[in-house]
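Data file: start-v8.cif. Format and content: mmCIF, C-alpha atoms.
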```cif
data_start
loop_
_atom_site.label_atom_id
_atom_site.label_comp_id
_atom_site.auth_asym_id
_atom_site.auth_seq_id
_atom_site.Cartn_x
_atom_site.Cartn_y
_atom_site.Cartn_z
CA MET A 9 44.86 -40.77 -104.48
CA LYS A 10 47.18 -42.14 -107.16
CA LYS A 11 46.67 -39.10 -109.39
CA ASN A 12 47.62 -36.86 -106.47
CA LEU A 13 50.91 -38.72 -106.20
CA VAL A 14 51.61 -38.31 -109.91
CA ILE A 15 51.07 -34.56 -109.67
CA LEU A 16 53.21 -34.36 -106.54
CA ALA A 17 55.99 -36.39 -108.16
CA LEU A 18 56.04 -34.15 -111.22
CA ALA A 19 56.08 -31.02 -109.07
CA LEU A 20 58.89 -32.30 -106.85
CA GLY A 21 60.89 -33.60 -109.79
CA LEU A 22 60.71 -30.38 -111.80
CA PRO A 23 63.70 -28.60 -110.17
CA SER A 24 65.99 -31.60 -110.54
CA THR A 25 64.79 -32.12 -114.10
CA ILE A 26 65.62 -28.52 -114.95
CA LEU A 27 69.06 -28.83 -113.35
CA GLY A 28 69.84 -32.14 -115.07
CA VAL A 29 68.76 -30.94 -118.50
CA PHE A 30 70.67 -27.68 -118.03
CA ILE A 31 73.89 -29.54 -117.15
CA LEU A 32 73.47 -31.79 -120.19
CA ILE A 33 72.80 -28.83 -122.48
CA TYR A 34 75.75 -26.92 -121.00
CA GLN A 35 78.07 -29.84 -121.76
CA LEU A 36 76.73 -30.11 -125.31
CA VAL A 37 77.28 -26.40 -125.88
CA GLN A 38 80.81 -26.53 -124.44
CA ASN A 39 81.65 -29.42 -126.79
CA HIS A 40 80.18 -27.46 -129.75
CA VAL A 41 77.53 -30.09 -130.46
CA ILE A 42 74.67 -27.56 -130.27
CA ASN A 43 74.47 -23.80 -129.85
CA TRP A 44 72.83 -21.86 -127.00
CA THR A 45 69.66 -21.16 -128.96
CA VAL A 46 68.97 -24.84 -129.59
CA GLY A 47 69.84 -25.63 -125.97
CA LEU A 48 67.43 -23.01 -124.69
CA ILE A 49 64.66 -24.34 -126.92
CA ILE A 50 65.25 -27.86 -125.62
CA LEU A 51 65.23 -26.65 -122.00
CA LEU A 52 62.00 -24.72 -122.49
CA ALA A 53 60.41 -27.70 -124.25
CA VAL A 54 61.23 -30.00 -121.32
CA ILE A 55 59.87 -27.50 -118.79
CA GLY A 56 56.76 -26.89 -120.87
CA ASN A 57 56.12 -30.61 -121.27
CA THR A 58 56.39 -31.20 -117.52
CA LEU A 59 54.04 -28.32 -116.74
CA PHE A 60 51.62 -29.57 -119.41
CA LEU A 61 51.57 -33.02 -117.80
CA MET A 62 50.93 -31.51 -114.38
CA ILE A 63 48.00 -29.47 -115.69
CA LYS A 64 46.65 -32.45 -117.63
CA TYR A 65 46.59 -34.64 -114.50
CA VAL A 66 44.97 -31.87 -112.44
CA ILE A 67 42.21 -31.49 -115.03
CA LYS A 68 41.67 -35.27 -115.18
CA ARG A 69 41.48 -35.39 -111.39
CA LYS A 70 38.76 -32.71 -111.33
CA ASN A 71 36.49 -34.75 -113.61
#
```
Have the structure of the file written as C-alpha coordinates, please.
Amino acid sequence: MKKNLVILALALGLPSTILGVFILIYQLVQNHVINWTVGLIILLAVIGNTLFLMIKYVIKRKN
(Lines of atoms letter the chains of each structure in order from A and count residues from 1; the text may use other names and numbers.)
(Lines give C-alpha, C1' and ligand atoms only; values in the text may rest on other atoms or scores of the structure.)
Protein backbone atom coordinates (compact mmCIF):
# COMPACT_ATOMS: atom_id res chain seq x y z
CA MET A 1 0.00 0.00 0.00
CA LYS A 2 2.83 2.39 0.84
CA LYS A 3 4.38 2.04 -2.61
CA ASN A 4 1.03 2.93 -4.16
CA LEU A 5 1.04 6.16 -2.19
CA VAL A 6 4.56 7.01 -3.36
CA ILE A 7 3.54 6.55 -6.98
CA LEU A 8 0.37 8.57 -6.45
CA ALA A 9 2.28 11.36 -4.72
CA LEU A 10 4.80 11.58 -7.56
CA ALA A 11 2.03 11.61 -10.16
CA LEU A 12 0.04 14.30 -8.36
CA GLY A 13 3.12 16.39 -7.65
CA LEU A 14 4.40 16.36 -11.22
CA PRO A 15 2.33 19.32 -12.53
CA SER A 16 3.25 21.55 -9.61
CA THR A 17 6.88 20.49 -9.89
CA ILE A 18 6.92 21.43 -13.56
CA LEU A 19 5.30 24.79 -12.81
CA GLY A 20 7.66 25.57 -9.93
CA VAL A 21 10.79 24.65 -11.85
CA PHE A 22 9.57 26.61 -14.88
CA ILE A 23 9.00 29.75 -12.78
CA LEU A 24 12.46 29.41 -11.24
CA ILE A 25 14.09 28.90 -14.63
CA TYR A 26 12.14 31.82 -16.10
CA GLN A 27 13.43 34.10 -13.33
CA LEU A 28 17.00 32.90 -13.86
CA VAL A 29 16.74 33.55 -17.60
CA GLN A 30 15.25 37.02 -17.06
CA ASN A 31 18.12 37.89 -14.70
CA HIS A 32 20.64 36.58 -17.29
CA VAL A 33 21.99 33.90 -14.95
CA ILE A 34 21.36 31.10 -17.47
CA ASN A 35 20.16 30.97 -21.06
CA TRP A 36 17.02 29.25 -22.39
CA THR A 37 18.89 26.18 -23.59
CA VAL A 38 20.31 25.43 -20.15
CA GLY A 39 16.92 26.14 -18.59
CA LEU A 40 15.20 23.74 -20.95
CA ILE A 41 17.75 21.03 -20.21
CA ILE A 42 17.21 21.50 -16.47
CA LEU A 43 13.41 21.36 -16.89
CA LEU A 44 13.60 18.19 -18.98
CA ALA A 45 16.00 16.61 -16.48
CA VAL A 46 13.60 17.26 -13.59
CA ILE A 47 10.64 15.86 -15.54
CA GLY A 48 12.65 12.85 -16.68
CA ASN A 49 13.85 12.14 -13.14
CA THR A 50 10.31 12.25 -11.76
CA LEU A 51 9.02 9.94 -14.49
CA PHE A 52 11.97 7.60 -13.90
CA LEU A 53 11.14 7.40 -10.19
CA MET A 54 7.50 6.67 -10.96
CA ILE A 55 8.45 3.84 -13.32
CA LYS A 56 11.01 2.50 -10.86
CA TYR A 57 8.43 2.26 -8.06
CA VAL A 58 5.88 0.62 -10.38
CA ILE A 59 8.42 -2.03 -11.38
CA LYS A 60 9.39 -2.63 -7.74
CA ARG A 61 5.73 -2.98 -6.83
CA LYS A 62 5.18 -5.64 -9.51
CA ASN A 63 7.92 -7.86 -8.07
Practice item. Skip segment 48-65 of chain A itself and residues of its chain fewer than 6 positions away, then list as a list of chain:residue names all residues within 10 Å of it, counting all atoms listed in the file. Key: A:Lys11, A:Asn12, A:Val14, A:Ile15, A:Leu16, A:Ala17, A:Leu18, A:Ala19, A:Gly21, A:Leu22, A:Pro23, A:Thr25, A:Ile26, A:Leu27, A:Gly28, A:Val29, A:Phe30, A:Leu32, A:Ile33, A:Tyr34
Review point. Please, what distance in Å, to one decimal, runs between atom CA of Gln38 of chain A and atom CA of Ser24 of chain A?
Key: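 Straight-line distance from atom CA of Gln38 of chain A to atom CA of Ser24 of chain A works out to 20.9 Å.
Closest approach to Arg69 of chain A from the set A:Trp44, A:Leu13, A:Leu20, A:Leu36 is made by A:Leu13, with distances taken over only C-alpha atoms.
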